[in-house]
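Data from final-v6.cif: mmCIF, C-alpha atoms
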```cif
data_final
#
loop_
_atom_site.group_PDB
_atom_site.id
_atom_site.type_symbol
_atom_site.label_atom_id
_atom_site.label_comp_id
_atom_site.auth_asym_id
_atom_site.auth_seq_id
_atom_site.Cartn_x
_atom_site.Cartn_y
_atom_site.Cartn_z
ATOM 1 C CA LEU A 1 -117.694 50.627 158.619
ATOM 2 C CA SER A 2 -117.092 52.933 161.546
ATOM 3 C CA SER A 3 -114.011 54.845 162.484
ATOM 4 C CA SER A 4 -112.769 58.118 163.867
ATOM 5 C CA SER A 5 -109.309 58.328 162.369
ATOM 6 C CA GLN A 6 -107.582 61.699 162.472
ATOM 7 C CA THR A 7 -107.725 62.078 158.693
ATOM 8 C CA SER A 8 -111.313 60.917 158.148
ATOM 9 C CA PRO A 9 -113.810 61.521 160.956
ATOM 10 C CA ARG A 10 -116.956 59.425 160.655
ATOM 11 C CA VAL A 11 -120.080 58.639 162.630
ATOM 12 C CA ALA A 12 -119.344 55.999 165.268
ATOM 13 C CA GLY A 13 -121.194 52.720 164.824
ATOM 14 C CA GLU A 14 -121.857 53.141 161.105
ATOM 15 C CA THR A 15 -122.114 49.915 159.099
ATOM 16 C CA VAL A 16 -121.582 49.249 155.403
ATOM 17 C CA ARG A 17 -123.524 46.444 153.731
ATOM 18 C CA LEU A 18 -122.735 45.100 150.270
ATOM 19 C CA PHE A 19 -125.150 43.435 147.863
ATOM 20 C CA GLY A 20 -125.410 41.983 144.377
ATOM 21 C CA GLN A 21 -126.546 39.123 142.193
ATOM 22 C CA PRO A 22 -124.473 35.957 142.836
ATOM 23 C CA LYS A 23 -121.351 35.993 140.628
ATOM 24 C CA SER A 24 -121.588 39.727 139.990
ATOM 25 C CA GLY A 25 -118.458 40.628 141.974
ATOM 26 C CA THR A 26 -119.714 40.758 145.566
ATOM 27 C CA THR A 27 -116.625 38.956 146.884
ATOM 28 C CA TRP A 28 -114.371 41.369 144.992
ATOM 29 C CA LEU A 29 -116.219 44.360 146.429
ATOM 30 C CA GLU A 30 -115.967 42.768 149.871
ATOM 31 C CA VAL A 31 -112.192 42.409 149.534
ATOM 32 C CA ILE A 32 -111.850 46.010 148.301
ATOM 33 C CA VAL A 33 -113.820 47.421 151.232
ATOM 34 C CA PHE A 34 -111.870 45.234 153.655
ATOM 35 C CA ALA A 35 -108.583 46.523 152.176
ATOM 36 C CA LEU A 36 -109.762 50.135 152.430
ATOM 37 C CA SER A 37 -110.815 49.616 156.038
ATOM 38 C CA ASP A 38 -107.395 48.083 156.729
ATOM 39 C CA VAL A 39 -105.787 51.225 155.301
ATOM 40 C CA ALA A 40 -108.032 53.408 157.480
ATOM 41 C CA CYS A 41 -107.084 51.385 160.556
ATOM 42 C CA ASN A 42 -103.378 51.665 159.837
ATOM 43 C CA THR A 43 -103.757 55.402 159.338
ATOM 44 C CA ALA A 44 -105.374 55.683 162.761
ATOM 45 C CA GLY A 45 -102.542 53.655 164.296
ATOM 46 C CA ARG A 46 -104.645 51.603 166.717
ATOM 47 C CA ASP A 47 -106.004 48.085 166.883
ATOM 48 C CA CYS A 48 -109.344 47.292 165.280
ATOM 49 C CA GLU A 49 -111.397 44.262 164.465
ATOM 50 C CA VAL A 50 -113.211 43.662 161.184
ATOM 51 C CA SER A 51 -116.002 41.142 160.660
ATOM 52 C CA VAL A 52 -116.108 39.724 157.134
ATOM 53 C CA SER A 53 -118.834 37.221 156.238
ATOM 54 C CA GLY A 54 -119.099 36.143 159.844
ATOM 55 C CA ARG A 55 -115.350 35.630 160.290
ATOM 56 C CA ARG A 56 -113.742 37.849 162.936
ATOM 57 C CA GLU A 57 -110.274 38.920 161.881
ATOM 58 C CA LYS A 58 -107.774 40.940 163.885
ATOM 59 C CA ILE A 59 -105.886 43.598 161.984
ATOM 60 C CA GLN A 60 -102.552 44.342 163.609
ATOM 61 C CA ALA A 61 -101.404 47.902 164.389
ATOM 62 C CA VAL A 62 -104.621 49.333 163.076
ATOM 63 C CA GLY A 63 -107.231 51.845 164.045
ATOM 64 C CA ALA A 64 -110.628 52.635 165.470
ATOM 65 C CA ALA A 65 -113.521 50.192 165.699
ATOM 66 C CA GLU A 66 -114.603 48.891 162.305
ATOM 67 C CA ASN A 67 -117.808 47.006 161.643
ATOM 68 C CA PHE A 68 -117.947 45.343 158.239
ATOM 69 C CA ARG A 69 -120.555 42.623 157.740
ATOM 70 C CA MET A 70 -121.513 40.670 154.629
ATOM 71 C CA THR A 71 -124.534 38.762 155.912
ATOM 72 C CA GLY A 72 -127.330 38.422 153.370
ATOM 73 C CA LYS A 73 -125.405 39.933 150.462
ATOM 74 C CA HIS A 74 -127.850 38.431 147.946
ATOM 75 C CA ASP A 75 -130.958 39.790 149.701
ATOM 76 C CA LEU A 76 -132.997 42.912 149.046
ATOM 77 C CA PRO A 77 -132.502 44.976 152.237
ATOM 78 C CA GLY A 78 -135.779 45.746 153.957
ATOM 79 C CA GLY A 79 -137.718 43.478 151.627
ATOM 80 C CA VAL A 80 -141.260 42.466 152.574
ATOM 81 C CA GLY A 81 -143.197 39.379 151.477
ATOM 82 C CA VAL A 82 -141.804 37.793 148.302
ATOM 83 C CA PHE A 83 -139.031 40.394 148.320
ATOM 84 C CA SER A 84 -137.768 39.240 151.724
ATOM 85 C CA LYS A 85 -136.261 36.032 150.311
ATOM 86 C CA THR A 86 -132.586 35.537 149.478
ATOM 87 C CA LEU A 87 -132.309 35.765 145.683
ATOM 88 C CA VAL A 88 -129.798 33.044 144.814
ATOM 89 C CA ASP A 89 -131.775 30.403 142.930
ATOM 90 C CA ILE A 90 -132.358 31.961 139.515
ATOM 91 C CA ASP A 91 -135.572 30.188 138.526
ATOM 92 C CA GLY A 92 -137.214 30.348 141.944
ATOM 93 C CA SER A 93 -136.224 33.963 142.590
ATOM 94 C CA TYR A 94 -137.369 35.127 139.181
ATOM 95 C CA ARG A 95 -140.647 33.232 139.421
ATOM 96 C CA SER A 96 -141.493 34.575 142.880
ATOM 97 C CA THR A 97 -140.628 38.224 142.251
ATOM 98 C CA VAL A 98 -140.853 39.600 138.713
ATOM 99 C CA ALA A 99 -141.928 36.795 136.360
ATOM 100 C CA GLY A 100 -145.518 38.035 136.416
ATOM 101 C CA CYS A 101 -144.664 41.664 135.675
ATOM 102 C CA ALA A 102 -145.696 43.117 132.337
ATOM 103 C CA GLU A 103 -142.871 43.903 129.931
ATOM 104 C CA GLY A 104 -141.075 47.095 130.876
ATOM 105 C CA THR A 105 -142.498 47.273 134.427
ATOM 106 C CA ILE A 106 -139.844 45.423 136.455
ATOM 107 C CA TRP A 107 -138.376 48.824 137.340
ATOM 108 C CA SER A 108 -141.646 50.494 138.290
ATOM 109 C CA PRO A 109 -144.140 50.666 141.180
ATOM 110 C CA ALA A 110 -146.510 48.564 139.063
ATOM 111 C CA CYS A 111 -144.225 45.561 139.584
ATOM 112 C CA VAL A 112 -142.440 46.532 142.790
ATOM 113 C CA PRO A 113 -144.681 48.733 144.967
ATOM 114 C CA PRO A 114 -142.845 51.119 147.312
ATOM 115 C CA ALA A 115 -144.384 49.240 150.256
ATOM 116 C CA SER A 116 -142.272 46.221 149.235
ATOM 117 C CA LEU A 117 -139.423 47.865 151.160
ATOM 118 C CA ASP A 118 -140.072 48.401 154.853
ATOM 119 C CA HIS A 119 -137.791 51.300 155.752
ATOM 120 C CA LYS A 120 -138.434 50.731 159.457
ATOM 121 C CA ALA A 121 -136.868 47.265 159.161
ATOM 122 C CA LEU A 122 -133.549 48.647 157.901
ATOM 123 C CA GLU A 123 -130.572 48.797 160.211
ATOM 124 C CA GLN A 124 -129.779 52.158 161.728
ATOM 125 C CA VAL A 125 -126.785 54.188 160.524
ATOM 126 C CA THR A 126 -126.008 51.979 157.548
ATOM 127 C CA ARG A 127 -124.532 52.671 154.121
ATOM 128 C CA TYR A 128 -125.517 50.399 151.228
ATOM 129 C CA MET A 129 -123.531 49.337 148.180
ATOM 130 C CA LEU A 130 -124.721 47.371 145.140
ATOM 131 C CA ILE A 131 -122.445 45.874 142.485
ATOM 132 C CA VAL A 132 -123.898 45.201 139.029
ATOM 133 C CA ARG A 133 -122.462 43.081 136.208
ATOM 134 C CA ASP A 134 -123.568 42.186 132.676
ATOM 135 C CA PRO A 135 -126.207 39.425 133.107
ATOM 136 C CA ARG A 136 -124.542 37.355 130.383
ATOM 137 C CA ALA A 137 -121.225 37.403 132.242
ATOM 138 C CA VAL A 138 -123.014 36.621 135.523
ATOM 139 C CA THR A 139 -124.730 33.630 133.935
ATOM 140 C CA VAL A 140 -121.566 32.182 132.379
ATOM 141 C CA SER A 141 -119.611 32.712 135.601
ATOM 142 C CA GLY A 142 -122.346 31.005 137.611
ATOM 143 C CA TYR A 143 -122.427 28.122 135.150
ATOM 144 C CA HIS A 144 -118.800 27.338 135.962
ATOM 145 C CA TYR A 145 -118.892 28.172 139.665
ATOM 146 C CA PHE A 146 -121.920 25.978 140.386
ATOM 147 C CA ASP A 147 -120.624 23.237 138.064
ATOM 148 C CA VAL A 148 -123.845 23.083 136.052
ATOM 149 C CA GLN A 149 -124.168 19.752 134.252
ATOM 150 C CA LYS A 150 -125.873 21.095 131.164
ATOM 151 C CA ASP A 151 -124.879 22.511 127.781
ATOM 152 C CA LEU A 152 -123.599 26.080 128.266
ATOM 153 C CA ASP A 153 -125.529 27.524 125.324
ATOM 154 C CA GLU A 154 -128.769 25.911 126.442
ATOM 155 C CA TYR A 155 -128.220 27.146 129.991
ATOM 156 C CA CYS A 156 -127.528 30.730 128.903
ATOM 157 C CA VAL A 157 -130.515 30.959 126.572
ATOM 158 C CA ASP A 158 -132.744 29.915 129.467
ATOM 159 C CA LYS A 159 -131.118 31.837 132.325
ATOM 160 C CA VAL A 160 -129.793 35.124 130.884
ATOM 161 C CA PRO A 161 -133.251 36.789 130.573
ATOM 162 C CA LYS A 162 -134.096 35.777 134.154
ATOM 163 C CA VAL A 163 -130.777 37.054 135.492
ATOM 164 C CA ALA A 164 -131.425 40.298 133.580
ATOM 165 C CA GLY A 165 -134.815 40.599 135.277
ATOM 166 C CA LEU A 166 -133.340 39.988 138.738
ATOM 167 C CA THR A 167 -130.492 42.427 138.046
ATOM 168 C CA SER A 168 -133.014 45.087 137.011
ATOM 169 C CA LEU A 169 -135.002 44.399 140.169
ATOM 170 C CA ARG A 170 -131.891 44.942 142.288
ATOM 171 C CA TYR A 171 -130.978 48.099 140.396
ATOM 172 C CA TYR A 172 -134.474 49.551 140.823
ATOM 173 C CA TRP A 173 -134.547 48.526 144.487
ATOM 174 C CA PHE A 174 -131.323 50.378 145.284
ATOM 175 C CA ASP A 175 -131.616 53.273 142.842
ATOM 176 C CA TYR A 176 -135.236 54.162 143.542
ATOM 177 C CA LEU A 177 -136.598 52.578 146.727
ATOM 178 C CA LEU A 178 -133.565 52.392 149.031
ATOM 179 C CA ARG A 179 -131.787 55.552 147.908
ATOM 180 C CA GLU A 180 -134.828 57.608 148.858
ATOM 181 C CA THR A 181 -133.850 57.412 152.522
ATOM 182 C CA GLU A 182 -130.479 55.633 152.798
ATOM 183 C CA PRO A 183 -126.933 56.466 151.604
ATOM 184 C CA THR A 184 -126.541 54.174 148.575
ATOM 185 C CA LEU A 185 -123.768 53.600 146.034
ATOM 186 C CA ILE A 186 -124.236 51.565 142.841
ATOM 187 C CA LEU A 187 -121.075 50.235 141.195
ATOM 188 C CA PHE A 188 -120.437 48.390 137.944
ATOM 189 C CA TYR A 189 -118.099 45.406 137.885
ATOM 190 C CA GLU A 190 -116.769 46.510 134.510
ATOM 191 C CA ASP A 191 -115.813 49.973 135.806
ATOM 192 C CA ILE A 192 -113.804 48.510 138.677
ATOM 193 C CA LEU A 193 -112.016 46.172 136.273
ATOM 194 C CA GLU A 194 -111.234 48.810 133.636
ATOM 195 C CA ASP A 195 -110.519 51.768 135.952
ATOM 196 C CA PRO A 196 -109.634 50.458 139.412
ATOM 197 C CA LEU A 197 -108.106 53.701 140.677
ATOM 198 C CA ASN A 198 -111.105 55.945 140.109
ATOM 199 C CA SER A 199 -113.517 53.194 141.138
ATOM 200 C CA ILE A 200 -111.746 52.656 144.454
ATOM 201 C CA VAL A 201 -111.582 56.417 145.006
ATOM 202 C CA ARG A 202 -115.392 56.485 144.582
ATOM 203 C CA ILE A 203 -115.786 53.668 147.093
ATOM 204 C CA ALA A 204 -113.439 55.342 149.578
ATOM 205 C CA SER A 205 -115.288 58.640 149.223
ATOM 206 C CA PHE A 206 -118.631 56.948 149.837
ATOM 207 C CA LEU A 207 -117.204 55.347 152.973
ATOM 208 C CA ARG A 208 -115.797 58.727 154.015
ATOM 209 C CA LEU A 209 -112.214 57.496 153.860
ATOM 210 C CA SER A 210 -109.297 59.580 152.598
ATOM 211 C CA PRO A 211 -106.486 57.205 151.586
ATOM 212 C CA THR A 212 -103.268 58.618 150.166
ATOM 213 C CA ILE A 213 -102.190 57.736 146.624
ATOM 214 C CA ASN A 214 -99.731 55.177 148.053
ATOM 215 C CA GLU A 215 -102.490 53.610 150.116
ATOM 216 C CA LEU A 216 -104.736 53.493 147.042
ATOM 217 C CA ALA A 217 -101.952 51.777 145.112
ATOM 218 C CA SER A 218 -101.673 49.229 147.907
ATOM 219 C CA VAL A 219 -105.420 48.539 147.796
ATOM 220 C CA ILE A 220 -105.332 48.130 144.007
ATOM 221 C CA GLU A 221 -102.440 45.698 144.279
ATOM 222 C CA ARG A 222 -104.094 43.687 147.054
ATOM 223 C CA THR A 223 -107.393 43.436 145.174
ATOM 224 C CA SER A 224 -106.162 42.716 141.633
ATOM 225 C CA SER A 225 -107.338 39.525 139.940
ATOM 226 C CA GLU A 226 -103.822 38.090 140.254
ATOM 227 C CA SER A 227 -103.735 38.783 143.988
ATOM 228 C CA MET A 228 -107.217 37.377 144.524
ATOM 229 C CA LYS A 229 -106.352 34.205 142.604
ATOM 230 C CA ALA A 230 -103.383 33.755 144.930
ATOM 231 C CA GLN A 231 -105.571 34.424 147.974
ATOM 232 C CA GLU A 232 -108.095 31.850 146.797
ATOM 233 C CA ALA A 233 -105.342 29.298 146.230
ATOM 234 C CA ASP A 234 -104.360 29.858 149.873
ATOM 235 C CA GLY A 235 -107.981 29.641 151.054
ATOM 236 C CA LYS A 236 -108.051 33.266 152.188
ATOM 237 C CA LEU A 237 -111.003 34.715 150.254
ATOM 238 C CA PRO A 238 -114.367 35.154 152.031
ATOM 239 C CA GLY A 239 -116.705 32.202 151.526
ATOM 240 C CA PRO A 240 -115.862 28.946 149.709
ATOM 241 C CA ASN A 241 -112.435 28.883 148.070
ATOM 242 C CA ARG A 242 -112.187 26.621 145.026
ATOM 243 C CA SER A 243 -109.822 25.815 142.195
ATOM 244 C CA GLY A 244 -110.014 25.325 138.444
ATOM 245 C CA SER A 245 -113.189 26.266 136.557
ATOM 246 C CA ARG A 246 -115.159 26.488 139.831
ATOM 247 C CA ALA A 247 -112.897 29.124 141.348
ATOM 248 C CA LYS A 248 -114.376 32.442 142.449
ATOM 249 C CA VAL A 249 -111.778 34.260 140.348
ATOM 250 C CA ARG A 250 -111.456 32.917 136.799
ATOM 251 C CA SER A 251 -110.844 35.169 133.796
ATOM 252 C CA ALA A 252 -111.799 38.545 135.368
ATOM 253 C CA THR A 253 -112.734 40.115 132.033
ATOM 254 C CA THR A 254 -115.580 42.342 130.931
ATOM 255 C CA ASP A 255 -116.773 40.268 127.975
ATOM 256 C CA GLY A 256 -115.198 36.818 128.202
ATOM 257 C CA PHE A 257 -118.687 35.369 127.832
ATOM 258 C CA ARG A 258 -118.614 36.264 124.130
ATOM 259 C CA SER A 259 -115.899 33.711 123.442
ATOM 260 C CA GLU A 260 -117.570 30.981 125.517
ATOM 261 C CA MET A 261 -121.061 31.140 124.025
ATOM 262 C CA SER A 262 -121.824 30.259 120.428
ATOM 263 C CA LYS A 263 -122.872 33.159 118.203
ATOM 264 C CA ALA A 264 -126.390 31.761 118.008
ATOM 265 C CA ALA A 265 -126.680 31.454 121.797
ATOM 266 C CA LEU A 266 -125.213 34.932 122.310
ATOM 267 C CA ARG A 267 -127.737 36.376 119.888
ATOM 268 C CA THR A 268 -130.692 34.570 121.451
ATOM 269 C CA SER A 269 -129.600 35.398 125.017
ATOM 270 C CA THR A 270 -129.052 39.060 124.196
ATOM 271 C CA ARG A 271 -132.438 39.396 122.519
ATOM 272 C CA GLY A 272 -134.010 37.552 125.437
ATOM 273 C CA MET A 273 -132.617 39.926 128.063
ATOM 274 C CA PHE A 274 -133.524 43.138 126.204
ATOM 275 C CA PRO A 275 -137.142 43.406 127.510
ATOM 276 C CA HIS A 276 -135.958 42.608 131.050
ATOM 277 C CA LEU A 277 -133.278 45.294 131.414
ATOM 278 C CA HIS A 278 -133.746 48.571 133.261
ATOM 279 C CA PRO A 279 -133.166 51.508 130.838
ATOM 280 C CA ALA A 280 -129.938 52.430 132.653
ATOM 281 C CA LEU A 281 -128.678 48.871 132.173
ATOM 282 C CA LEU A 282 -129.706 48.867 128.511
ATOM 283 C CA ALA A 283 -127.607 51.975 128.069
ATOM 284 C CA ARG A 284 -124.755 50.363 129.943
ATOM 285 C CA TYR A 285 -124.666 46.918 128.372
ATOM 286 C CA LEU A 286 -126.307 47.033 124.941
ATOM 287 C CA TYR A 287 -126.366 50.530 123.457
ATOM 288 C CA ASN A 288 -122.578 50.972 123.585
ATOM 289 C CA ASN A 289 -121.638 47.768 121.764
ATOM 290 C CA VAL A 290 -121.873 47.525 117.978
ATOM 291 C CA GLU A 291 -122.372 43.756 118.034
ATOM 292 C CA ASP A 292 -125.183 43.995 120.570
ATOM 293 C CA LEU A 293 -126.856 46.895 118.760
ATOM 294 C CA ASP A 294 -127.000 44.794 115.627
ATOM 295 C CA ILE A 295 -128.623 41.971 117.600
ATOM 296 C CA ILE A 296 -131.330 44.205 119.097
ATOM 297 C CA ARG A 297 -131.757 46.478 116.081
ATOM 298 C CA ASP A 298 -135.381 45.540 115.419
ATOM 299 C CA PHE A 299 -136.307 46.278 119.068
ATOM 300 C CA VAL A 300 -135.133 49.883 118.937
ATOM 301 C CA THR A 301 -135.577 51.030 115.355
ATOM 302 C CA ASN A 302 -136.718 54.645 115.065
ATOM 303 C CA SER A 303 -135.219 57.582 113.252
ATOM 304 C CA THR A 304 -133.744 59.358 116.284
ATOM 305 C CA PHE A 305 -132.246 56.230 117.821
ATOM 306 C CA GLU A 306 -130.784 55.075 114.508
ATOM 307 C CA ARG A 307 -129.253 58.495 113.876
ATOM 308 C CA VAL A 308 -127.596 58.650 117.309
ATOM 309 C CA PHE A 309 -126.662 55.062 118.075
ATOM 310 C CA LEU A 310 -126.706 52.776 115.056
ATOM 311 C CA PRO A 311 -123.755 52.670 112.631
#
```
Can you dump the structure from the file as structure tokens?
Amino acid sequence: LSSSSQTSPRVAGETVRLFGQPKSGTTWLEVIVFALSDVACNTAGRDCEVSVSGRREKIQAVGAAENFRMTGKHDLPGGVGVFSKTLVDIDGSYRSTVAGCAEGTIWSPACVPPASLDHKALEQVTRYMLIVRDPRAVTVSGYHYFDVQKDLDEYCVDKVPKVAGLTSLRYYWFDYLLRETEPTLILFYEDILEDPLNSIVRIASFLRLSPTINELASVIERTSSESMKAQEADGKLPGPNRSGSRAKVRSATTDGFRSEMSKAALRTSTRGMFPHLHPALLARYLYNNVEDLDIIRDFVTNSTFERVFLP
């Protein structure tokens, strides 16, 4: 994203690239950034052109040159060797990257050496954003989107731990390897859903935009689940637009997966993903939920932890 609007001067030619596990909210983040760039263009009062997922779109009565590209949003930027592949296929991606790592090392140099990221291969003047979502929600969403012809519970028990491992890999890649030299923002799907205003303010700040409160309200309205469902029905979302259970935008909830999986499958999936989750993601997705803490109780039992976290 590059611009030189009067209210928010920025470096010319700067690009923003967005990443995440498939079905973690990358399209939503794409739409939010597009809406913010639209606001910035209108503020500048000139014409600009925005590239979204390879589609060139003209924004009318808008401002300075914008460059917004979503190519390779499921890659690991700068990845070398096995880490240079697009991580879409769950089994293949997991097997080729972190399946052989010892427990608890997915987020360490022992599993992902610093040389796995070639900083010289990164684009110049680029800002990076990663969106993260609960691996159980990602798995259930993917089950519907890809129209998997298999029992949901069976699918989740098999795939949730692998998605957790790939999510931890992405988190470590952006939080530790990439952030060392590049401007990087990590966002949680659940935060955007539960607190859109402050989440979008964070995104705007990272992009060095200064929208007014009315402009923020406009972005929130344009990027709500209701608005995105309508956009998908009209074929206007980036990428494939579908209907019914295969739609990009379905329930848009933080924990809808709990009502779709059986209790037994939820328990097995949750226990299966525990050893694969980065500590920050454990804190985010398991330690703050009473039901999940009960499921993983025997993994984390010690006097201090029980005193602080367990009811």
Hey, which of A:Leu282, A:Ile220, A:Leu207, A:Val138 ends up closest to Thr254 in chain A? Count all atoms listed in the file.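 When distances to Thr254 in chain A are compared using all atoms listed in the file, the smallest one comes from A:Val138.
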At what distance in Å, to one decimal, does CA of Leu277 in chain A lie from CA of Gly165 in chain A?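 Here the two named atoms are 6.3 Å from each other.
Residues with any atom within 10 Å of Ala121 in chain A, counting only C-alpha atoms and excluding same-chain neighbours fewer than 3 positions away, are A:Pro77, A:Gly78, A:Gly79, A:Val80, A:Leu117, A:Asp118, A:Gln124.
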Taking the file as shown, what set of residues would the PyMOL selection byres ((chain A and resi 262-269) around 12) give back, as a PDB file with C-alpha atoms, in the frame of the given file?
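Below is the file out17.pdb, written as the result:
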```pdb
ATOM      1  CA  ASP A 134    -123.568  42.186 132.676  1.00  0.00           C
ATOM      2  CA  PRO A 135    -126.207  39.425 133.107  1.00  0.00           C
ATOM      3  CA  ARG A 136    -124.542  37.355 130.383  1.00  0.00           C
ATOM      4  CA  ALA A 137    -121.225  37.403 132.242  1.00  0.00           C
ATOM      5  CA  THR A 139    -124.730  33.630 133.935  1.00  0.00           C
ATOM      6  CA  VAL A 140    -121.566  32.182 132.379  1.00  0.00           C
ATOM      7  CA  ASP A 151    -124.879  22.511 127.781  1.00  0.00           C
ATOM      8  CA  LEU A 152    -123.599  26.080 128.266  1.00  0.00           C
ATOM      9  CA  ASP A 153    -125.529  27.524 125.324  1.00  0.00           C
ATOM     10  CA  GLU A 154    -128.769  25.911 126.442  1.00  0.00           C
ATOM     11  CA  TYR A 155    -128.220  27.146 129.991  1.00  0.00           C
ATOM     12  CA  CYS A 156    -127.528  30.730 128.903  1.00  0.00           C
ATOM     13  CA  VAL A 157    -130.515  30.959 126.572  1.00  0.00           C
ATOM     14  CA  ASP A 158    -132.744  29.915 129.467  1.00  0.00           C
ATOM     15  CA  LYS A 159    -131.118  31.837 132.325  1.00  0.00           C
ATOM     16  CA  VAL A 160    -129.793  35.124 130.884  1.00  0.00           C
ATOM     17  CA  PRO A 161    -133.251  36.789 130.573  1.00  0.00           C
ATOM     18  CA  LYS A 162    -134.096  35.777 134.154  1.00  0.00           C
ATOM     19  CA  VAL A 163    -130.777  37.054 135.492  1.00  0.00           C
ATOM     20  CA  ALA A 164    -131.425  40.298 133.580  1.00  0.00           C
ATOM     21  CA  ASP A 255    -116.773  40.268 127.975  1.00  0.00           C
ATOM     22  CA  GLY A 256    -115.198  36.818 128.202  1.00  0.00           C
ATOM     23  CA  PHE A 257    -118.687  35.369 127.832  1.00  0.00           C
ATOM     24  CA  ARG A 258    -118.614  36.264 124.130  1.00  0.00           C
ATOM     25  CA  SER A 259    -115.899  33.711 123.442  1.00  0.00           C
ATOM     26  CA  GLU A 260    -117.570  30.981 125.517  1.00  0.00           C
ATOM     27  CA  MET A 261    -121.061  31.140 124.025  1.00  0.00           C
ATOM     28  CA  THR A 270    -129.052  39.060 124.196  1.00  0.00           C
ATOM     29  CA  ARG A 271    -132.438  39.396 122.519  1.00  0.00           C
ATOM     30  CA  GLY A 272    -134.010  37.552 125.437  1.00  0.00           C
ATOM     31  CA  MET A 273    -132.617  39.926 128.063  1.00  0.00           C
ATOM     32  CA  PHE A 274    -133.524  43.138 126.204  1.00  0.00           C
ATOM     33  CA  PRO A 275    -137.142  43.406 127.510  1.00  0.00           C
ATOM     34  CA  HIS A 276    -135.958  42.608 131.050  1.00  0.00           C
ATOM     35  CA  LEU A 286    -126.307  47.033 124.941  1.00  0.00           C
ATOM     36  CA  GLU A 291    -122.372  43.756 118.034  1.00  0.00           C
ATOM     37  CA  ASP A 292    -125.183  43.995 120.570  1.00  0.00           C
ATOM     38  CA  LEU A 293    -126.856  46.895 118.760  1.00  0.00           C
ATOM     39  CA  ASP A 294    -127.000  44.794 115.627  1.00  0.00           C
ATOM     40  CA  ILE A 295    -128.623  41.971 117.600  1.00  0.00           C
ATOM     41  CA  ILE A 296    -131.330  44.205 119.097  1.00  0.00           C
ATOM     42  CA  ARG A 297    -131.757  46.478 116.081  1.00  0.00           C
TER      43      ARG A 297
END
```
Between CA of Val219 in chain A and CA of His74 in chain A, what is the distance, to one decimal in Å? 24.6 Å
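Distances here use all atoms listed in the file; by that measure, the residue among A:Thr304, A:Thr15, A:Thr105, A:Thr27 closest to Val125 in chain A is A:Thr15.
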CA of Leu193 in chain A to CA of Thr253 in chain A measures 7.4 Å
Can you list, as a ChimeraX atom specification, every protein, DNA or RNA residue that comes within 12 Å of Lys85 in chain A when you count all atoms listed in the file, leaving out same-chain residues fewer than 2 positions away? /A:72-83,87-89,92-94,96-97,116
Selected residue of minimal separation from Ile192 in chain A among A:Gly25, A:Gly20, A:Gly142, A:Pro211, counting all atoms listed in the file: A:Gly25
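Picked by the PyMOL selection byres ((chain A and resi 17) around 6) from the coordinates shown: Val16, Leu18 and Tyr128 of chain A.
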Give me the residues within 10 Å of Trp107 in chain A as number ranges by chain, counting all atoms listed in the file and dropping any in the same chain fewer than 6 places off. A: 98, 101, 113, 165, 168-173, 175-176, 276-279
From the list A:Leu178, A:Ile213, A:Ala230, A:Val31, the nearest residue to Val201 in chain A using only C-alpha atoms is A:Ile213
Which residue of A:Glu182, A:Asp234, A:Asp298, A:Glu226 approaches Arg127 in chain A most closely, using all atoms listed in the file: A:Glu182
Here's the selection I'm unsure about, the PyMOL selection byres ((chain A and resi 200) around 9); applied to the file above, which residues does it give, as a PyMOL selection string? chain A and resi 32-33+36+192+195-199+201-205+216+219-220
Mind giving me the axis-aligned box for range 23-41 of chain A with 3 Å on every side, centre plus edges in Å to one decimal, as JSON?
```
{"center_x": -113.7, "center_y": 44.7, "center_z": 150.3, "size_x": 21.8, "size_y": 23.4, "size_z": 26.6}
```
